[in-house]
Structures are given as C-alpha cells and as structure tokens.
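Trainee: Following this line is data.txt, made up of compact mmCIF, C-alpha atoms:
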# COMPACT_ATOMS: atom_id res chain seq x y z
CA MET A 1 46.48 1.05 51.24
CA LYS A 2 45.02 3.93 49.19
CA ARG A 3 41.70 3.83 51.01
CA SER A 4 43.22 3.78 54.50
CA ALA A 5 45.69 6.50 53.54
CA ALA A 6 42.87 8.71 52.31
CA THR A 7 40.69 8.18 55.36
CA SER A 8 43.56 8.74 57.79
CA PHE A 9 44.73 11.90 56.02
CA HIS A 10 44.50 14.60 58.66
CA PRO A 11 47.38 17.09 58.92
CA GLN A 12 46.96 19.00 62.17
CA GLU A 13 49.15 22.03 61.50
CA GLU A 14 50.71 23.76 58.51
CA THR A 15 54.09 22.33 59.53
CA ASP A 16 52.61 18.79 59.39
CA TRP A 17 51.29 19.58 55.94
CA ARG A 18 54.64 20.90 54.70
CA GLN A 19 56.45 17.84 56.08
CA THR A 20 53.97 15.57 54.29
CA LEU A 21 54.54 17.42 51.03
CA ALA A 22 58.30 17.10 51.49
CA LEU A 23 57.94 13.30 51.51
CA CYS A 24 56.51 13.29 47.98
CA ALA A 25 58.72 11.76 45.33
CA SER A 26 57.02 13.39 42.34
CA ASN A 27 54.78 16.23 41.26
CA GLU A 28 51.98 13.72 40.73
CA GLU A 29 52.16 12.75 44.39
CA ARG A 30 52.15 16.45 45.38
CA ILE A 31 49.13 17.05 43.14
CA THR A 32 47.32 14.13 44.78
CA LEU A 33 48.00 15.56 48.23
CA TRP A 34 46.81 19.02 47.19
CA GLN A 35 43.64 17.49 45.79
CA MET A 36 43.06 15.63 49.06
CA LEU A 37 43.55 18.85 51.00
CA GLY A 38 41.04 20.61 48.75
CA ILE A 39 38.47 17.86 49.09
CA PHE A 40 38.78 16.97 52.77
CA TYR A 41 39.45 20.48 54.09
CA LYS A 42 37.35 22.46 51.61
CA ASP A 43 40.33 24.53 50.58
CA GLU A 44 39.68 24.19 46.86
CA ILE A 45 41.12 27.51 45.72
CA ARG A 46 44.45 27.16 47.52
CA SER A 47 44.71 23.57 46.30
CA MET A 48 43.93 24.53 42.70
CA GLN A 49 46.51 27.32 42.83
CA GLU A 50 49.20 24.93 44.01
CA ILE A 51 48.24 22.22 41.50
CA TYR A 52 48.25 24.83 38.72
CA LYS A 53 51.86 25.72 39.59
CA LEU A 54 52.80 22.03 39.29
CA ASP A 55 50.72 21.15 36.21
CA PRO A 56 48.17 23.53 34.65
CA LYS A 57 46.68 20.64 32.67
CA SER A 58 45.97 18.45 35.69
CA SER A 59 42.38 17.21 35.60
CA ARG A 60 42.42 17.21 39.40
CA MET A 61 41.91 20.97 39.25
CA ASP A 62 38.71 20.35 37.29
CA VAL A 63 37.36 18.23 40.14
CA LEU A 64 38.19 20.93 42.69
CA LEU A 65 36.69 23.66 40.48
CA THR A 66 33.46 21.70 40.13
CA ARG A 67 33.32 21.18 43.91
CA PHE A 68 33.92 24.90 44.52
CA VAL A 69 31.16 25.90 42.11
CA ASN A 70 28.69 23.34 43.48
CA LYS A 71 29.39 24.24 47.09
CA ASN A 72 28.93 27.95 46.47
CA GLU A 73 25.89 27.38 44.30
CA ASN A 74 24.25 25.45 47.13
CA GLU A 75 25.10 28.14 49.68
CA TYR A 76 24.10 30.99 47.39
CA SER A 77 20.60 32.34 47.33
CA TRP A 78 19.15 35.69 46.38
CA LEU A 79 16.44 35.08 48.96
CA ALA A 80 18.73 34.39 51.89
CA ASP A 81 21.71 36.25 53.28
CA SER A 82 24.51 34.68 51.25
CA ARG A 83 27.24 37.18 52.17
CA ASP A 84 29.81 34.46 52.95
CA SER A 85 29.27 32.75 49.63
CA ARG A 86 29.42 36.03 47.72
CA GLU A 87 32.67 36.93 49.47
CA LYS A 88 34.18 33.53 48.64
CA ILE A 89 33.14 33.85 45.00
CA ASN A 90 34.38 37.43 44.69
CA ALA A 91 37.69 36.54 46.36
CA ALA A 92 38.21 33.54 44.06
CA LEU A 93 37.06 35.09 40.78
CA PRO A 94 40.24 37.06 39.91
CA TRP A 95 42.41 33.95 40.02
CA LEU A 96 39.81 31.70 38.35
CA LYS A 97 39.34 34.31 35.62
CA GLU A 98 43.11 34.51 35.11
CA VAL A 99 43.34 30.75 34.64
CA ALA A 100 40.32 30.64 32.33
CA ASP A 101 41.75 33.47 30.23
CA LYS A 102 45.00 31.56 29.68
CA ASP A 103 43.13 28.58 28.15
CA ASN A 104 45.90 26.21 29.24
CA THR A 105 43.93 23.79 31.43
CA SER A 106 42.85 20.29 30.47
CA ASN A 107 39.24 21.49 30.03
CA PRO A 108 38.97 25.16 28.97
CA PHE A 109 35.22 24.70 28.34
CA LEU A 110 34.66 23.78 31.99
CA TRP A 111 36.77 26.69 33.23
CA ASN A 112 35.04 29.29 31.07
CA THR A 113 31.59 27.92 31.87
CA SER A 114 32.41 27.89 35.59
CA VAL A 115 33.78 31.43 35.62
CA GLY A 116 30.71 32.56 33.67
CA TYR A 117 28.43 30.87 36.19
CA LEU A 118 30.24 32.41 39.15
CA TYR A 119 29.88 35.83 37.50
CA PHE A 120 26.18 35.05 37.08
CA LEU A 121 25.90 34.25 40.78
CA SER A 122 27.65 37.55 41.48
CA GLU A 123 25.06 39.24 39.26
CA ASN A 124 27.68 40.42 36.77
CA PHE A 125 25.62 39.33 33.78
CA ILE A 126 27.81 41.00 31.14
CA ALA A 127 30.94 39.17 32.31
CA ALA A 128 28.97 35.93 32.59
CA GLU A 129 27.81 36.17 28.97
CA THR A 130 31.39 36.89 27.84
CA TYR A 131 32.59 33.64 29.40
CA TYR A 132 29.60 31.67 28.14
CA LYS A 133 30.37 32.83 24.60
CA LYS A 134 34.00 31.83 25.02
CA ALA A 135 32.89 28.42 26.34
CA GLY A 136 30.61 28.09 23.32
CA SER A 137 33.65 28.20 21.04
CA GLN A 138 35.20 25.32 23.05
CA LEU A 139 32.05 23.22 23.27
CA PRO A 140 32.64 19.46 23.56
CA ASN A 141 30.75 17.43 21.00
CA THR A 142 28.01 16.33 23.41
CA SER A 143 24.38 17.32 23.60
CA LEU A 144 24.60 17.50 27.40
CA ALA A 145 27.37 20.16 27.35
CA SER A 146 25.50 22.11 24.69
CA SER A 147 22.25 21.97 26.64
CA GLN A 148 23.91 22.96 29.93
CA LEU A 149 25.57 25.98 28.30
CA LYS A 150 22.32 27.00 26.61
CA LEU A 151 20.45 26.79 29.94
CA LEU A 152 23.10 28.83 31.77
CA SER A 153 22.97 31.48 29.06
CA LEU A 154 19.17 31.58 29.31
CA LEU A 155 19.33 31.99 33.10
CA ASN A 156 21.83 34.80 32.62
CA LYS A 157 19.51 36.57 30.16
CA VAL A 158 16.61 36.30 32.58
CA GLY A 159 18.78 37.47 35.49
CA ALA A 160 19.90 40.53 33.53
CA LEU A 161 16.33 41.70 32.91
CA LYS A 162 15.31 44.84 34.76
CA GLY A 163 11.65 44.18 34.03
CA MET A 164 9.60 42.24 31.52
CA LYS A 165 8.58 43.88 28.26
CA SER A 166 6.85 42.26 25.33
CA THR A 167 10.12 42.47 23.37
CA ASP A 168 11.82 40.51 26.16
CA GLU A 169 9.07 37.91 26.02
CA ASP A 170 9.52 37.59 22.25
CA LYS A 171 13.28 37.08 22.63
CA LEU A 172 12.92 34.51 25.40
CA LEU A 173 9.98 32.53 23.98
CA PRO A 174 12.02 30.31 21.60
CA GLU A 175 14.50 29.47 24.36
CA LEU A 176 11.73 28.74 26.85
CA LYS A 177 10.06 26.46 24.30
CA TRP A 178 13.41 24.71 23.86
CA LEU A 179 13.71 24.32 27.64
CA TYR A 180 10.19 22.94 27.94
CA GLY A 181 11.01 20.45 25.19
CA GLN A 182 13.99 19.17 27.18
CA SER A 183 11.70 17.59 29.76
CA GLU A 184 10.28 15.41 27.01
CA ASN A 185 13.66 14.61 25.43
CA ASN A 186 15.09 11.30 26.67
CA ALA A 187 18.37 11.86 24.80
CA VAL A 188 19.42 14.41 27.40
CA SER A 189 18.32 12.45 30.47
CA LYS A 190 21.14 13.85 32.66
CA PHE A 191 20.24 17.43 31.82
CA ARG A 192 19.12 19.31 34.90
Output the file's structure in the form of structure tokens.
Mentor:
Amino acid sequence: MKRSAATSFHPQEETDWRQTLALCASNEERITLWQMLGIFYKDEIRSMQEIYKLDPKSSRMDVLLTRFVNKNENEYSWLADSRDSREKINAALPWLKEVADKDNTSNPFLWNTSVGYLYFLSENFIAAETYYKKAGSQLPNTSLASSQLKLLSLLNKVGALKGMKSTDEDKLLPELKWLYGQSENNAVSKFR
C-alpha cells in the first residue's frame, strides 16, 4: 500500500495536512509525511525545519537538502534573471547555516558543502570557502566526495576573481591540470 499511499497523497488545505499529521503514531511517521510534503509540494525548507525538530539526525533531511540545492542550481544562472532563485536561496540560508553550524545532522559534510555551494551561488565567495574548509575536515573516505569538494572550491576561486592576472593563472594551473586529468580517470566515473 506504500506506493498507492504515496501517489494519492494530496492534502488540499493546511487543516487537511494538520489532521493527517495528527493520525501519525510516531515521529518516524511524521518525518515520512514531512518528507513527502517536501518532495511532492516542493516545500523542502519547511519540511526540513519540521523534521529537524523531530530528529536532527534524520537522513530524510539530507534528501530534501539535496533536492533544494539541485532545484535552485538548475534555476540559477548568472546569464538569466534568476531573482526568484536568489530570493529562495537567501531566505533559506540563515536556517541552513544554523543547522550546518551545529554539526548535529547525520551528514555534516553534506550540510557544510551544500551551504558553501549556496553561498557560492549567492556570490558570497568568502562564506563559501569557509564552509568548504569545514566540509574538508569532515570529508568521507571516498574519492568522489574529495573530488566534488575540490571542484566546488576551484569554482569558488574562479568566481571570486575580479580579473585574471598571471599570479592567478599560476595559482589555478595545478588545479586545472587536476581537473583535466579527471576526464581521463575511470576511478571517479561518477564525478561531474
């Protein structure tokens, strides 16, 4: 019945939603409902906030955080008018930062990397680098996580440049060589 329950999930009003939550027998059931609301109704931040109150270590927040970052990354563009996405990011960042700073989630590396990336999208390169460094101290023992963090840090360095000087080229050259080498490295096939 899980599949049919998920596909028929469609609270019409806030009162319907509250009545559904009241039927839950446990926090795990409430967390599942909040995750469904976040996924089906694109209300990731509200859902994460409510899940965090119930269980800060719930991995379901990680799923919603990843969806929020991916959605806003896809909508964000320096070339197009991305005002809505910037507003969503800027509105969400204080709470996301607060959670990342507490380091009490199931995946602090993901939270710090995500907050850093959202700061990068907001063109706050100093804050982004702060969170990338923090994530670096929590790095999972995988080459994919290490490569992703290194790439994000490189993008942040390039984004922070006001122009291109020969000293900048010298600093970036080793990292660009590393990046070029990734296309030939089959060990990190999921690296993008």
Trainee: Between A:Leu161, A:Leu144, A:Met48, A:Leu65, which is the closest to Trp34 of chain A once you count all atoms listed in the file?
Mentor: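 With all atoms listed in the file as the atom set, the closest residue is A:Met48.
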Trainee: Of the candidates A:Glu169, A:Glu28, A:Glu123, A:Asp101, which one gets nearest to Tyr76 of chain A if we count all atoms listed in the file?
Mentor: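 That would be A:Glu123, the residue with the smallest distance to Tyr76 of chain A.
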Trainee: Between atom CA of Ile126 of chain A and atom CA of Lys171 of chain A, what is the spacing in Å?
Mentor: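 Answer for the atom CA of Lys171 of chain A to atom CA of Ile126 of chain A separation: 17.3 Å.
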Trainee: Which neighbours of Leu96 of chain A fall inside 9 Å, counting all atoms listed in the file, when residues of the same chain fewer than 6 positions from it are skipped, and could you give them as a ChimeraX atom specification?
Mentor: /A:45,65,111,114-115
Trainee: Export, as a PDB file, in the frame of the given file, the selected residues with C-alpha atoms.
Mentor:
ATOM      1  CA  ILE A  45      41.120  27.510  45.720  1.00  0.00           C
ATOM      2  CA  LEU A  65      36.690  23.660  40.480  1.00  0.00           C
ATOM      3  CA  TRP A 111      36.770  26.690  33.230  1.00  0.00           C
ATOM      4  CA  SER A 114      32.410  27.890  35.590  1.00  0.00           C
ATOM      5  CA  VAL A 115      33.780  31.430  35.620  1.00  0.00           C
TER       6      VAL A 115
END
Trainee: Counting only C-alpha atoms, I want the residues whose atoms come within 12 Å of (14.1, 31.5, 24.6) in the file frame, returned as an MDAnalysis selection string.
Mentor: chainID A and resid 150:158 167:181
Trainee: Kindly add all heavy atoms to the incomplete segment 60-71 of chain A and provide the output as a PDB file, in the coordinates of the input.
Mentor:
ATOM      1  N   ARG A  60      42.808  17.133  37.990  1.00  0.00           N
ATOM      2  CA  ARG A  60      42.420  17.210  39.400  1.00  0.00           C
ATOM      3  C   ARG A  60      41.944  18.619  39.769  1.00  0.00           C
ATOM      4  O   ARG A  60      41.151  18.788  40.680  1.00  0.00           O
ATOM      5  CB  ARG A  60      43.568  16.759  40.293  1.00  0.00           C
ATOM      6  CG  ARG A  60      43.845  15.274  40.082  1.00  0.00           C
ATOM      7  CD  ARG A  60      45.110  14.853  40.783  1.00  0.00           C
ATOM      8  NE  ARG A  60      45.487  13.539  40.345  1.00  0.00           N
ATOM      9  CZ  ARG A  60      45.470  12.470  41.120  1.00  0.00           C
ATOM     10  NH1 ARG A  60      45.068  12.554  42.359  1.00  0.00           N
ATOM     11  NH2 ARG A  60      45.859  11.319  40.653  1.00  0.00           N
ATOM     12  N   MET A  61      42.424  19.611  39.036  1.00  0.00           N
ATOM     13  CA  MET A  61      41.910  20.970  39.250  1.00  0.00           C
ATOM     14  C   MET A  61      40.452  21.062  38.826  1.00  0.00           C
ATOM     15  O   MET A  61      39.672  21.776  39.445  1.00  0.00           O
ATOM     16  CB  MET A  61      42.727  21.999  38.451  1.00  0.00           C
ATOM     17  CG  MET A  61      44.079  22.278  39.018  1.00  0.00           C
ATOM     18  SD  MET A  61      44.864  23.737  38.288  1.00  0.00           S
ATOM     19  CE  MET A  61      44.387  23.694  36.593  1.00  0.00           C
ATOM     20  N   ASP A  62      40.093  20.335  37.772  1.00  0.00           N
ATOM     21  CA  ASP A  62      38.710  20.350  37.290  1.00  0.00           C
ATOM     22  C   ASP A  62      37.754  19.828  38.368  1.00  0.00           C
ATOM     23  O   ASP A  62      36.664  20.366  38.557  1.00  0.00           O
ATOM     24  CB  ASP A  62      38.566  19.520  36.015  1.00  0.00           C
ATOM     25  CG  ASP A  62      39.425  20.027  34.867  1.00  0.00           C
ATOM     26  OD1 ASP A  62      39.922  21.173  34.944  1.00  0.00           O
ATOM     27  OD2 ASP A  62      39.609  19.272  33.898  1.00  0.00           O
ATOM     28  N   VAL A  63      38.180  18.788  39.059  1.00  0.00           N
ATOM     29  CA  VAL A  63      37.360  18.230  40.140  1.00  0.00           C
ATOM     30  C   VAL A  63      37.169  19.265  41.243  1.00  0.00           C
ATOM     31  O   VAL A  63      36.057  19.486  41.729  1.00  0.00           O
ATOM     32  CB  VAL A  63      38.020  16.943  40.707  1.00  0.00           C
ATOM     33  CG1 VAL A  63      37.293  16.461  41.951  1.00  0.00           C
ATOM     34  CG2 VAL A  63      38.067  15.855  39.651  1.00  0.00           C
ATOM     35  N   LEU A  64      38.260  19.924  41.621  1.00  0.00           N
ATOM     36  CA  LEU A  64      38.190  20.930  42.690  1.00  0.00           C
ATOM     37  C   LEU A  64      37.360  22.144  42.252  1.00  0.00           C
ATOM     38  O   LEU A  64      36.606  22.707  43.045  1.00  0.00           O
ATOM     39  CB  LEU A  64      39.587  21.349  43.112  1.00  0.00           C
ATOM     40  CG  LEU A  64      40.398  20.258  43.822  1.00  0.00           C
ATOM     41  CD1 LEU A  64      41.860  20.666  43.950  1.00  0.00           C
ATOM     42  CD2 LEU A  64      39.809  19.928  45.174  1.00  0.00           C
ATOM     43  N   LEU A  65      37.491  22.539  40.994  1.00  0.00           N
ATOM     44  CA  LEU A  65      36.690  23.660  40.480  1.00  0.00           C
ATOM     45  C   LEU A  65      35.208  23.324  40.533  1.00  0.00           C
ATOM     46  O   LEU A  65      34.388  24.129  40.992  1.00  0.00           O
ATOM     47  CB  LEU A  65      37.110  23.996  39.043  1.00  0.00           C
ATOM     48  CG  LEU A  65      36.288  25.073  38.341  1.00  0.00           C
ATOM     49  CD1 LEU A  65      36.416  26.415  39.057  1.00  0.00           C
ATOM     50  CD2 LEU A  65      36.717  25.192  36.881  1.00  0.00           C
ATOM     51  N   THR A  66      34.854  22.129  40.107  1.00  0.00           N
ATOM     52  CA  THR A  66      33.460  21.700  40.130  1.00  0.00           C
ATOM     53  C   THR A  66      32.928  21.682  41.559  1.00  0.00           C
ATOM     54  O   THR A  66      31.807  22.134  41.822  1.00  0.00           O
ATOM     55  CB  THR A  66      33.315  20.313  39.478  1.00  0.00           C
ATOM     56  OG1 THR A  66      33.830  20.377  38.145  1.00  0.00           O
ATOM     57  CG2 THR A  66      31.878  19.866  39.429  1.00  0.00           C
ATOM     58  N   ARG A  67      33.725  21.192  42.493  1.00  0.00           N
ATOM     59  CA  ARG A  67      33.320  21.180  43.910  1.00  0.00           C
ATOM     60  C   ARG A  67      33.121  22.601  44.433  1.00  0.00           C
ATOM     61  O   ARG A  67      32.162  22.885  45.143  1.00  0.00           O
ATOM     62  CB  ARG A  67      34.348  20.441  44.763  1.00  0.00           C
ATOM     63  CG  ARG A  67      34.351  18.949  44.539  1.00  0.00           C
ATOM     64  CD  ARG A  67      35.429  18.290  45.376  1.00  0.00           C
ATOM     65  NE  ARG A  67      35.220  18.482  46.799  1.00  0.00           N
ATOM     66  CZ  ARG A  67      34.553  17.651  47.582  1.00  0.00           C
ATOM     67  NH1 ARG A  67      34.022  16.563  47.070  1.00  0.00           N
ATOM     68  NH2 ARG A  67      34.421  17.888  48.876  1.00  0.00           N
ATOM     69  N   PHE A  68      34.032  23.505  44.073  1.00  0.00           N
ATOM     70  CA  PHE A  68      33.920  24.900  44.520  1.00  0.00           C
ATOM     71  C   PHE A  68      32.641  25.536  43.984  1.00  0.00           C
ATOM     72  O   PHE A  68      31.902  26.182  44.722  1.00  0.00           O
ATOM     73  CB  PHE A  68      35.152  25.698  44.071  1.00  0.00           C
ATOM     74  CG  PHE A  68      35.089  27.148  44.462  1.00  0.00           C
ATOM     75  CD1 PHE A  68      35.402  27.550  45.748  1.00  0.00           C
ATOM     76  CD2 PHE A  68      34.712  28.107  43.537  1.00  0.00           C
ATOM     77  CE1 PHE A  68      35.336  28.885  46.113  1.00  0.00           C
ATOM     78  CE2 PHE A  68      34.644  29.447  43.894  1.00  0.00           C
ATOM     79  CZ  PHE A  68      34.957  29.838  45.188  1.00  0.00           C
ATOM     80  N   VAL A  69      32.371  25.328  42.708  1.00  0.00           N
ATOM     81  CA  VAL A  69      31.160  25.900  42.110  1.00  0.00           C
ATOM     82  C   VAL A  69      29.917  25.309  42.757  1.00  0.00           C
ATOM     83  O   VAL A  69      29.010  26.035  43.163  1.00  0.00           O
ATOM     84  CB  VAL A  69      31.142  25.691  40.579  1.00  0.00           C
ATOM     85  CG1 VAL A  69      29.784  26.045  39.984  1.00  0.00           C
ATOM     86  CG2 VAL A  69      32.240  26.511  39.913  1.00  0.00           C
ATOM     87  N   ASN A  70      29.866  23.983  42.885  1.00  0.00           N
ATOM     88  CA  ASN A  70      28.690  23.340  43.480  1.00  0.00           C
ATOM     89  C   ASN A  70      28.459  23.774  44.915  1.00  0.00           C
ATOM     90  O   ASN A  70      27.325  24.029  45.317  1.00  0.00           O
ATOM     91  CB  ASN A  70      28.815  21.815  43.411  1.00  0.00           C
ATOM     92  CG  ASN A  70      28.634  21.284  42.014  1.00  0.00           C
ATOM     93  OD1 ASN A  70      28.067  21.929  41.151  1.00  0.00           O
ATOM     94  ND2 ASN A  70      29.148  20.097  41.776  1.00  0.00           N
ATOM     95  N   LYS A  71      29.512  23.842  45.686  1.00  0.00           N
ATOM     96  CA  LYS A  71      29.390  24.240  47.090  1.00  0.00           C
ATOM     97  C   LYS A  71      28.837  25.668  47.193  1.00  0.00           C
ATOM     98  O   LYS A  71      27.921  25.926  47.963  1.00  0.00           O
ATOM     99  CB  LYS A  71      30.750  24.137  47.771  1.00  0.00           C
ATOM    100  CG  LYS A  71      30.718  24.532  49.236  1.00  0.00           C
ATOM    101  CD  LYS A  71      32.044  24.296  49.915  1.00  0.00           C
ATOM    102  CE  LYS A  71      33.079  25.257  49.388  1.00  0.00           C
ATOM    103  NZ  LYS A  71      34.360  25.167  50.087  1.00  0.00           N
TER     104      LYS A  71
END
